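Have a look at the structure below before the remarks.
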Amino acid sequence: MMNTQAHHTAAPAPLLELRGISKSFPGVKALSDVALRLYPGEVHTLMGQNGAGKSTLIKVLTGVYTPDSGQILLDGKPIAPASTSDAQALGISTVYQEVNLCPNLSVAENIFIGRYPRRFGAIDWRSMQQQARALLQQLQIDIDVTAQLSSFPLAIQQMVAISRALNISARVLILDEPTSSLDEAEVNLLFSVLRRLREQGMAILFVTHFLDQTYAISDRITVMRNGEREGEYACSELSRLALVNKMIGVAADTVAQELDLAQEAGAASFGPNVLEATGLGRKGALLPMDFHIRQGELLGLAGLLGSGRTELARLLFGADKADSGTITMQGQPRHFNVPRDAIARDIGFCSEDRKHEGAILSLSVRENIILALQARTGLLRAIPFKHQQALADEYVKALGIKTASIETPIGSLSGGNQQKALLARWLVTSPAMLILDEPTRGIDVRAKQEIMSYVSKLCRKGMAILFISSELPEVLRCSDRIVVMRDRKACGDYARGELDDSSVLQVIAGETA
Amino acid sequence: MSMTTSSPAAPAARAAATTDSSIVHTVLHHPLSRPLAALCLLLLVDLFAIPGFFHLEIRDGHLYGSVIDIVNRAAPLMLAALGMTLVIATRGIDISVGAVVALSGTVAAMLIGGTMVMENGVPTYVSNIPMGWALAAALGAALLCGAWNGVLVAGLGLQPIVATLILMVAGRGLAQLLTDGQIVTVYYQPYFFIGSGYLFGLPFSLFLVAAVFIITAVLMRKTALGLFIQAVGINPVAARLAGIRTATLIFFVYVFCAACAGLSGLMISSNIKSADANNAGLMLELDAILAVTLGGTSLAGGKFSLVGSMIGALIIQTLTYTIYSLGVPPEVNMVVKSVVVFLVCLSQSSEFKQLLHRRKA
């Protein structure tokens with residue numbers, strides 16, 4: 001880890017400075033007197049839990065929101081970006097957490113959209129493609145720039161978004177959780193690009209939840225908590241424990257203990273199989289494989305993106321139709337052609353794609369929570385409004401969902417709280433088996449731990465949980481049993497304790513005998 | 001995002017002010033406030049510009065007056081707009097409404113036909129086949145049209161505008177084929193009741209609209225239909241994963257929309273005592289879409305307002321009436337109408353609101 005602390009003492013004037021920024025929304029004070037200083041040639045990490053105000057701060061910085069009070073200074077001069085394009089014109093470019101590009105346009109078009117290179121007034125397609133290729137090669141990505149963006153995995157789409165931001169000759173580059181969908185090699189690639197940009201004098205504001213990444217790349221860290229700036233630290237002077245402590249505001253030990261307690265609350269005891277599958281497969285998605293899960297079991301699925309984890313989950317839930325194999329529950333063969341069939345058999349599924357496959361953004365928290373239960377109860381038998389409120393209230397409380405009210409649109413909640421509400425959607429159906437695909441992606445430490453400890457408790461009460469996560473430590477820590485997937489099939493089945501940090505990597509990479 | 005208590009005096013005062021004027025705030029921000037305001041504004045213009053606009057009198061036991069006339073004439077559009085609202089809420093659109101209107105009117109008119117014969121010196125009306133059957137056949141034809149649209153959109157996944165474009169052309173074409181392009185006149189008195197009869201002193205068509213509206217509204221409130229339609233309109237993928245039968249639901253809204261259009265067609269043909277395959281319901285789909293939009297339902301799907309669409313339909317009809325009554329030359333009519341519609345739509349645009357706010361700031 002390089003410590004580049006020295007050179008900003010040499011450059012005393014910050015490139016970008018926020019002073020006393022406050023911003024309120026109806027019922028919520030999102031930012032209160034927040035300050036931030038960003039120097040040229042540094043990677044500055046913004047950390048904080050969900051709802052700490054990171055996203056709001058960035059939206060203020062990029063002109064999406066107008067602050068209620070406070071100043072934004074660029075080169076010491078006050079600026080007031082009124083829109084993202086304003087901010088871009090000032091040299092502030094942002095890559096958002098969720099890729100905000102046009103999936104049905106080509107890679108090259110996405111990079112140059114709105115700024116197409118022109119020749120004699122017409123769009124110069126050839127030059128556009130050449131430039132796009134050159135830009136992506138800087139990130140060492142070699143793809144067909146004329147192919148439709150949606151044909152690439154999320155990770156590549158993310159890189160395209162970054163190329164686009166870079167191309168808008170940014171002086172300040174803001175990365176809002178760019179790494180939450182990238183694998184390790186891709187993260188390293190991204191970081192090498194960031195280091196190069198840092199050397200060129202760019203100021204980079206990096207928002208992430210990953211501690212490892214924070215320490216691998218940052219020069220300085222600003223910690224936010226409850227809409228306020230907790231403090232600004234040189235990365236080298238802040239230990240991990242201290243950082244977590246400052247983010248959460250309680251001693252980190254307590255959090256760790258709480259989690260262990262949930263783990264150890266009664267040694268796991270498993271009932272009979274809730275679901276068995278033999279030879280389950282789907283062309284192009286999953287090679288035929290066997291699978292079983294027991295009552296009260298937290299089964300972790302480990303593997304890289306595209307290893308067949310999500311594909312297996314979708315087949316078990318009927319989100320995609322299997323073309324081979326059988327599913328048996330309680331000795332009866334079951335056919336899940338649509339999700340509805342699986343829901344009728346008490347299976348729930350939290351998708352990895354919260355925005356597109358989970359939340360129904362302009363509906364209220366209450367409506368989102370009762371949706372699956374209502375769908376199962378049937379169209380004609382509406383759940384009485386009072387009962388809906390009671391259910392929503394119960395789970396808002398149980399899961400600690402932070403929302404102004406249960407009638408607030410779910411879209412105005414922070415990511416972690418949306419995730420909790422979606423978890424509640426399935427919990428109200430009291431499923432026998434719950435599939436959680438990346439339930440903790442892109443949410444903060446505290447919410448992660450809250451969700452996982454709640455899930456452990458559900459297991460102890462007899463629910464079967466299939467847990468998919470890219471974060472291996474999380475899988476190792478939580479699972480009673482781990483199935484490792486590689487190249488669209490299962491390649492190992494391990495009880496708790498049989499794998500550790502390094503051996504699981506070997507299995508995933510296929511290096512064991 | 002917890003509320004921080006360390007706020008200085010100013011925000012606290014602001015918060016207090018908000019609570020005081022919270023009723024005003026709620027009213028102003030109610031989604032129906034704008035369409036209602038537009039309607040009231042139009043009526044206000046009428047109050048001053050058209051003498052005796054709000055005058056009502058009882059003639060032959062029927063209530064007469066401009067307002068009654070407007071509501072009566074708006075009835076077919078209100079029905080069409082009801083169906084269109086649900087289709088639009090699922091992110092769809094149905095541009096075959098006018099064709100279905102023509103087809104159902106034609107089927108009814110041809111099957112009823114009718115003559116008046118003198119039986120023992122008493123004039124008696126005789127239809128080709130019993131009127132009940134004819135009406136059922138006409139509505140059946142409309143339902144088939146809706147099922148066709150539904151299969152194309154929900155089953156085959158065609159884009160709604162393309163899928164319903166097929167029927168927009170084919171439906172009217174079929175109606176014209178059936179009538180050889182001629183106007184089919186009906187001579188059967190009881191049929192006229194639907195479009196020009198009176199019940200308790202009020203036009204019967206109003207009762208029809210009210211019945212359909214109430215049934216629809218009750219379905220939306222007392223069943224989960226409203227929730228599911230919104231969910232499908234906002235995020236069809238997530239709705240399917242939550243266990244909603246999205247395809248069935250989408251099929252249903254197209255059938256419902258066509259049923260409304262069919263009923264609307266009966267009303268129109270009954271009112272003009274004939275079926276005109278060339279002109280009946282021409283452009284009605286566009287007025288229906290307009291009514292839905294004026295009522296505050298977004299074409300992007302999701303949240304919808306049935307009441308809003310009714311108000312939208314009334315706005316359109318009041319506007320037409322006003323333009324005619326003011327003696328605006330017919331050739332100016334369309335332009336004036338479009339200007340008013342533009343203004344109402346502008347008042348609903350959030351972009352425009354932001355623009356205004358920025359001006360002020």
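Convention: chains lettered A, B, ... in structure tokens order; per-chain residue numbering from 1; ligands numbered from 1 as shown.
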What are the residues of chain B that have an atom within 9 Å of an atom of chain A, counting only C-alpha atoms, as a PDB file with C-alpha atoms, in the first residue's frame?
```
ATOM      1  CA  MET B   1     -31.318   8.553   7.950  1.00  0.00           C
ATOM      2  CA  SER B   2     -32.427   9.552  11.353  1.00  0.00           C
ATOM      3  CA  MET B   3     -33.676  13.029  12.028  1.00  0.00           C
ATOM      4  CA  THR B   4     -30.997  15.110  13.630  1.00  0.00           C
ATOM      5  CA  SER B   6     -29.464  19.730  16.441  1.00  0.00           C
ATOM      6  CA  SER B   7     -31.214  21.782  13.775  1.00  0.00           C
ATOM      7  CA  LEU B 219     -62.786  -4.056  -8.266  1.00  0.00           C
ATOM      8  CA  ARG B 221     -60.340  -1.225  -4.192  1.00  0.00           C
ATOM      9  CA  LYS B 222     -61.802  -4.445  -2.924  1.00  0.00           C
ATOM     10  CA  THR B 223     -59.555  -6.812  -4.813  1.00  0.00           C
ATOM     11  CA  ALA B 224     -55.824  -6.723  -5.396  1.00  0.00           C
ATOM     12  CA  LEU B 225     -56.365  -5.872  -9.067  1.00  0.00           C
ATOM     13  CA  LEU B 227     -52.137  -3.162  -6.798  1.00  0.00           C
ATOM     14  CA  PHE B 228     -51.219  -5.821  -9.350  1.00  0.00           C
ATOM     15  CA  GLN B 230     -49.661  -0.901 -10.849  1.00  0.00           C
ATOM     16  CA  ALA B 231     -46.953  -3.415 -10.010  1.00  0.00           C
ATOM     17  CA  VAL B 232     -46.997  -4.801 -13.552  1.00  0.00           C
ATOM     18  CA  ILE B 234     -44.022  -0.145 -12.866  1.00  0.00           C
ATOM     19  CA  ASN B 235     -41.837  -3.243 -12.944  1.00  0.00           C
ATOM     20  CA  PRO B 236     -43.162  -6.250 -14.865  1.00  0.00           C
ATOM     21  CA  VAL B 237     -40.114  -8.402 -14.138  1.00  0.00           C
ATOM     22  CA  ALA B 238     -40.287  -7.874 -10.396  1.00  0.00           C
ATOM     23  CA  ALA B 239     -44.066  -8.360 -10.468  1.00  0.00           C
ATOM     24  CA  ARG B 240     -43.657 -11.750 -12.130  1.00  0.00           C
ATOM     25  CA  LEU B 241     -41.008 -12.777  -9.620  1.00  0.00           C
ATOM     26  CA  ALA B 242     -43.371 -11.800  -6.814  1.00  0.00           C
ATOM     27  CA  GLY B 243     -45.832 -14.343  -8.169  1.00  0.00           C
ATOM     28  CA  ILE B 244     -48.228 -12.138 -10.119  1.00  0.00           C
ATOM     29  CA  ARG B 245     -49.735 -13.657 -13.287  1.00  0.00           C
ATOM     30  CA  GLY B 302     -47.960   2.428 -12.871  1.00  0.00           C
ATOM     31  CA  LYS B 303     -50.036   4.759 -10.747  1.00  0.00           C
ATOM     32  CA  ARG B 358     -35.234  27.568 -11.102  1.00  0.00           C
TER      33      ARG B 358
END
```
Show which residues sit within 8 Å of A:Gly63, as a PDB file with N, CA and C atoms, in the first residue's frame. Count only C-alpha atoms, and ignore same-chain residues fewer than 3 positions away.
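out_11.pdb was written with the following content:
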```pdb
ATOM      1  N   LYS A  59     -25.064  13.339  -4.791  1.00  0.00           N
ATOM      2  CA  LYS A  59     -26.080  13.942  -5.654  1.00  0.00           C
ATOM      3  C   LYS A  59     -26.061  15.465  -5.543  1.00  0.00           C
ATOM      4  N   VAL A  60     -25.699  15.971  -4.380  1.00  0.00           N
ATOM      5  CA  VAL A  60     -25.557  17.417  -4.238  1.00  0.00           C
ATOM      6  C   VAL A  60     -24.364  17.896  -5.073  1.00  0.00           C
ATOM      7  N   THR A  66     -30.215  20.225  -5.051  1.00  0.00           N
ATOM      8  CA  THR A  66     -29.691  21.520  -4.657  1.00  0.00           C
ATOM      9  C   THR A  66     -29.612  21.527  -3.132  1.00  0.00           C
ATOM     10  N   ALA A  80     -22.429  26.153  -8.514  1.00  0.00           N
ATOM     11  CA  ALA A  80     -23.749  25.630  -8.157  1.00  0.00           C
ATOM     12  C   ALA A  80     -24.285  24.796  -9.310  1.00  0.00           C
ATOM     13  N   PRO A  81     -23.763  23.582  -9.448  1.00  0.00           N
ATOM     14  CA  PRO A  81     -24.221  22.759 -10.575  1.00  0.00           C
ATOM     15  C   PRO A  81     -25.725  22.496 -10.450  1.00  0.00           C
ATOM     16  N   ALA A  82     -26.445  22.721 -11.549  1.00  0.00           N
ATOM     17  CA  ALA A  82     -27.899  22.572 -11.496  1.00  0.00           C
ATOM     18  C   ALA A  82     -28.342  21.237 -12.084  1.00  0.00           C
ATOM     19  N   SER A  83     -27.393  20.535 -12.685  1.00  0.00           N
ATOM     20  CA  SER A  83     -27.743  19.242 -13.262  1.00  0.00           C
ATOM     21  C   SER A  83     -26.457  18.451 -13.428  1.00  0.00           C
ATOM     22  N   THR A  84     -26.599  17.158 -13.729  1.00  0.00           N
ATOM     23  CA  THR A  84     -25.397  16.349 -13.909  1.00  0.00           C
ATOM     24  C   THR A  84     -24.592  16.860 -15.091  1.00  0.00           C
ATOM     25  N   ASP A  86     -24.366  19.950 -16.051  1.00  0.00           N
ATOM     26  CA  ASP A  86     -23.658  21.125 -15.527  1.00  0.00           C
ATOM     27  C   ASP A  86     -22.368  20.687 -14.840  1.00  0.00           C
ATOM     28  N   ALA A  87     -22.523  19.691 -13.957  1.00  0.00           N
ATOM     29  CA  ALA A  87     -21.377  19.208 -13.200  1.00  0.00           C
ATOM     30  C   ALA A  87     -20.322  18.658 -14.152  1.00  0.00           C
TER      31      ALA A  87
END
```
Practice task
Can you pull out every residue within 9 Å of stretch 490-492 of chain A, counting only C-alpha atoms, but drop anything in the same chain fewer than 5 positions away, and send it as a PyMOL selection string?
Solution key: chain A and resi 287+289-291+307-309+482-485+507-508+510
How would the residues just picked look written out with N, CA and C atoms as a compact mmCIF listing (two decimals), in the first residue's frame?
```txt
# COMPACT_ATOMS: atom_id res chain seq x y z
N LEU A 287 -25.44 -26.87 -16.21
CA LEU A 287 -25.32 -28.28 -16.59
C LEU A 287 -26.08 -29.10 -15.57
N MET A 289 -27.38 -31.00 -12.65
CA MET A 289 -26.75 -31.24 -11.36
C MET A 289 -27.79 -31.66 -10.32
N ASP A 290 -27.30 -32.32 -9.27
CA ASP A 290 -28.18 -32.71 -8.17
C ASP A 290 -28.06 -31.66 -7.07
N PHE A 291 -29.10 -31.58 -6.27
CA PHE A 291 -29.13 -30.55 -5.25
C PHE A 291 -30.10 -30.95 -4.16
N SER A 307 -20.87 -18.67 -12.71
CA SER A 307 -20.54 -20.06 -12.42
C SER A 307 -21.80 -20.92 -12.36
N GLY A 308 -22.96 -20.30 -12.42
CA GLY A 308 -24.21 -21.06 -12.39
C GLY A 308 -24.97 -20.89 -11.08
N ARG A 309 -24.46 -20.06 -10.18
CA ARG A 309 -25.13 -19.85 -8.89
C ARG A 309 -26.53 -19.33 -9.07
N ILE A 482 -21.62 -25.64 2.33
CA ILE A 482 -21.29 -24.80 1.17
C ILE A 482 -21.22 -25.66 -0.08
N VAL A 483 -21.95 -25.27 -1.10
CA VAL A 483 -21.81 -25.91 -2.41
C VAL A 483 -21.03 -24.94 -3.28
N VAL A 484 -19.92 -25.40 -3.82
CA VAL A 484 -19.11 -24.53 -4.66
C VAL A 484 -19.46 -24.81 -6.12
N MET A 485 -19.64 -23.76 -6.89
CA MET A 485 -20.00 -23.92 -8.29
C MET A 485 -18.89 -23.37 -9.17
N VAL A 507 -10.85 -24.26 -4.50
CA VAL A 507 -11.94 -25.03 -5.08
C VAL A 507 -12.62 -24.23 -6.18
N ILE A 508 -12.84 -22.95 -5.88
CA ILE A 508 -13.52 -22.11 -6.87
C ILE A 508 -12.69 -22.00 -8.14
N GLY A 510 -10.61 -24.16 -9.06
CA GLY A 510 -10.42 -25.48 -9.64
C GLY A 510 -9.01 -25.99 -9.53
```
Practice task
For B:Val100, list every protein, DNA or RNA residue within 8 Å, evaluated using only C-alpha atoms, and leave out those in the same chain fewer than 4 positions away; present the list as a ChimeraX atom specification.
Solution key: /B:96,104,142,145,168,171-172,258,261-262,265
Exercise for the section: Based on DSSP run over this structure's backbone, return all residues of stretch 169-222 of chain B in strand (DSSP E), as a PyMOL selection string. Expected result: chain B and resi 184-185+198-199+202-203
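Non-sequential neighbours of B:His62 (distance at most 10 Å, separation of 6 or more positions within a chain, only C-alpha atoms) are B:Gly197, B:Tyr198, B:Leu199, B:Phe200, B:Gly201, B:Leu202, B:Pro203.
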Same residues, N, CA and C atoms, saved as a PDB file, in the first residue's frame:
```pdb
ATOM      1  N   GLY B 197     -82.112   7.706 -24.013  1.00  0.00           N
ATOM      2  CA  GLY B 197     -83.228   7.564 -23.079  1.00  0.00           C
ATOM      3  C   GLY B 197     -82.977   8.296 -21.769  1.00  0.00           C
ATOM      4  N   TYR B 198     -84.015   8.424 -20.985  1.00  0.00           N
ATOM      5  CA  TYR B 198     -83.896   9.099 -19.689  1.00  0.00           C
ATOM      6  C   TYR B 198     -84.369   8.199 -18.562  1.00  0.00           C
ATOM      7  N   LEU B 199     -83.687   8.263 -17.469  1.00  0.00           N
ATOM      8  CA  LEU B 199     -84.101   7.517 -16.288  1.00  0.00           C
ATOM      9  C   LEU B 199     -84.060   8.491 -15.110  1.00  0.00           C
ATOM     10  N   PHE B 200     -85.134   8.551 -14.350  1.00  0.00           N
ATOM     11  CA  PHE B 200     -85.229   9.502 -13.235  1.00  0.00           C
ATOM     12  C   PHE B 200     -84.842  10.912 -13.679  1.00  0.00           C
ATOM     13  N   GLY B 201     -85.227  11.263 -14.886  1.00  0.00           N
ATOM     14  CA  GLY B 201     -84.971  12.615 -15.368  1.00  0.00           C
ATOM     15  C   GLY B 201     -83.558  12.866 -15.872  1.00  0.00           C
ATOM     16  N   LEU B 202     -82.710  11.850 -15.788  1.00  0.00           N
ATOM     17  CA  LEU B 202     -81.322  12.029 -16.246  1.00  0.00           C
ATOM     18  C   LEU B 202     -81.042  11.091 -17.417  1.00  0.00           C
ATOM     19  N   PRO B 203     -80.120  11.477 -18.293  1.00  0.00           N
ATOM     20  CA  PRO B 203     -79.802  10.607 -19.432  1.00  0.00           C
ATOM     21  C   PRO B 203     -79.394   9.213 -18.954  1.00  0.00           C
TER      22      PRO B 203
END
```
Exercise for the section: Please return as a PyMOL selection string: the residues of stretch 158-390 of chain A that backbone DSSP assigns to helix (DSSP H, G or I). Expected result: chain A and resi 158-167+184-199+211-217+235-237+240-248+252-264+309-317+339-344+354-358+365-377+385-390
Put those residues in a file: C-alpha atoms, as a compact mmCIF listing (two decimals), in the first residue's frame.
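Once written, result_33.txt looks like this:
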```txt
# COMPACT_ATOMS: atom_id res chain seq x y z
CA GLN A 158 -19.38 -0.81 -15.30
CA MET A 159 -16.05 -0.39 -17.08
CA VAL A 160 -17.86 1.17 -20.03
CA ALA A 161 -19.47 3.63 -17.63
CA ILE A 162 -16.03 4.50 -16.27
CA SER A 163 -14.61 4.96 -19.77
CA ARG A 164 -17.46 7.31 -20.51
CA ALA A 165 -16.74 9.35 -17.40
CA LEU A 166 -13.03 9.46 -18.24
CA ASN A 167 -13.74 10.57 -21.75
CA GLU A 184 -11.31 -9.47 -7.79
CA ALA A 185 -9.34 -9.35 -11.03
CA GLU A 186 -11.63 -6.64 -12.33
CA VAL A 187 -11.27 -4.65 -9.14
CA ASN A 188 -7.49 -4.84 -9.46
CA LEU A 189 -7.77 -3.68 -13.03
CA LEU A 190 -9.94 -0.78 -11.98
CA PHE A 191 -7.51 0.15 -9.24
CA SER A 192 -4.55 0.17 -11.59
CA VAL A 193 -6.51 2.56 -13.77
CA LEU A 194 -7.34 4.72 -10.75
CA ARG A 195 -3.68 4.83 -9.72
CA ARG A 196 -2.71 5.99 -13.18
CA LEU A 197 -5.36 8.70 -13.07
CA ARG A 198 -4.19 9.75 -9.65
CA GLU A 199 -0.67 10.19 -10.94
CA LEU A 211 -12.75 -2.27 3.79
CA ASP A 212 -10.04 -4.13 1.86
CA GLN A 213 -10.54 -1.95 -1.14
CA THR A 214 -10.56 1.19 0.93
CA TYR A 215 -7.15 0.38 2.34
CA ALA A 216 -5.79 -0.80 -0.99
CA ILE A 217 -6.45 2.43 -2.84
CA CYS A 235 -5.73 6.29 5.52
CA SER A 236 -2.46 5.28 7.14
CA GLU A 237 -3.51 6.73 10.48
CA ARG A 240 -9.70 -0.89 10.37
CA LEU A 241 -11.22 -1.40 13.74
CA ALA A 242 -11.28 2.34 14.35
CA LEU A 243 -12.85 2.93 10.95
CA VAL A 244 -15.66 0.44 11.52
CA ASN A 245 -16.13 1.93 14.94
CA LYS A 246 -16.50 5.43 13.53
CA MET A 247 -18.93 4.29 10.84
CA ILE A 248 -21.18 2.37 13.16
CA ALA A 252 -16.78 -2.92 16.70
CA ASP A 253 -16.38 -5.79 19.12
CA THR A 254 -20.04 -5.61 20.01
CA VAL A 255 -21.05 -6.04 16.40
CA ALA A 256 -18.77 -9.00 15.97
CA GLN A 257 -20.03 -10.54 19.17
CA GLU A 258 -23.63 -10.03 18.21
CA LEU A 259 -23.00 -11.88 15.00
CA ASP A 260 -21.23 -14.75 16.71
CA LEU A 261 -24.08 -15.02 19.16
CA ALA A 262 -26.56 -15.38 16.34
CA GLN A 263 -24.31 -18.06 14.89
CA GLU A 264 -24.00 -20.03 18.04
CA ARG A 309 -25.13 -19.85 -8.89
CA THR A 310 -27.90 -17.51 -9.91
CA GLU A 311 -28.95 -19.82 -12.72
CA LEU A 312 -29.52 -22.66 -10.25
CA ALA A 313 -31.52 -20.36 -7.99
CA ARG A 314 -33.70 -19.23 -10.88
CA LEU A 315 -34.45 -22.81 -11.89
CA LEU A 316 -35.38 -23.75 -8.32
CA PHE A 317 -37.79 -20.82 -8.23
CA PRO A 339 -42.35 -18.22 -10.05
CA ARG A 340 -45.99 -18.47 -8.98
CA ASP A 341 -45.73 -22.29 -8.94
CA ALA A 342 -42.75 -22.18 -6.59
CA ILE A 343 -44.36 -19.55 -4.37
CA ALA A 344 -47.40 -21.80 -4.02
CA ARG A 354 -32.77 -5.21 -6.57
CA LYS A 355 -33.61 -2.39 -8.93
CA HIS A 356 -34.92 -4.42 -11.86
CA GLU A 357 -36.17 -7.64 -10.34
CA GLY A 358 -37.05 -6.70 -6.80
CA VAL A 365 -43.04 0.11 1.44
CA ARG A 366 -46.28 -1.50 2.62
CA GLU A 367 -47.34 -2.47 -0.90
CA ASN A 368 -43.91 -3.86 -1.68
CA ILE A 369 -43.92 -5.93 1.48
CA ILE A 370 -47.32 -7.53 0.99
CA LEU A 371 -47.03 -8.04 -2.78
CA ALA A 372 -45.91 -11.67 -2.84
CA LEU A 373 -48.30 -12.66 -0.08
CA GLN A 374 -51.15 -10.98 -1.92
CA ALA A 375 -50.16 -12.70 -5.15
CA ARG A 376 -50.27 -16.03 -3.35
CA THR A 377 -53.53 -15.28 -1.53
CA PHE A 385 -55.81 -2.87 4.75
CA LYS A 386 -55.43 -3.04 8.53
CA HIS A 387 -53.75 -6.40 8.23
CA GLN A 388 -51.42 -5.06 5.52
CA GLN A 389 -50.43 -2.22 7.82
CA ALA A 390 -49.86 -4.58 10.71
```
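Take atom CA of A:Val172 and atom CA of A:Tyr96: the distance between them is 14.0 Å.
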Practice task
Using only C-alpha atoms, determine which residues lie at most 12 Å from B:Ile268, disregarding the query and same-chain residues fewer than 2 positions distant; provide the list as a PyMOL selection string.
Solution key: chain B and resi 72-77+79-80+98+100-106+108-109+191-196+205+261-266+270-277+279-282+284
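For the atom pair formed by atom CA of A:Thr326 and atom CA of A:Gly281, the distance is 9.2 Å, given to one decimal.
You will find atom CA of B:Val122 at 15.9 Å from atom CA of B:Tyr187.
Closest approach to B:Gly296 from the set B:Ile316, B:Leu44, B:Leu177, B:Met310 is made by B:Met310, with distances taken over only C-alpha atoms.
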Practice task
Write out as a count of residues only each polymer residue whose atoms come within 12 Å of stretch 342-357 of chain B, counting only C-alpha atoms; drop sequence neighbours fewer than 3 positions from it.
Solution key: 37
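In this comparison, which uses only C-alpha atoms, the residue of B:Val24, B:Thr164, B:Phe53, B:Val341 approaching B:Val151 most closely is B:Thr164.
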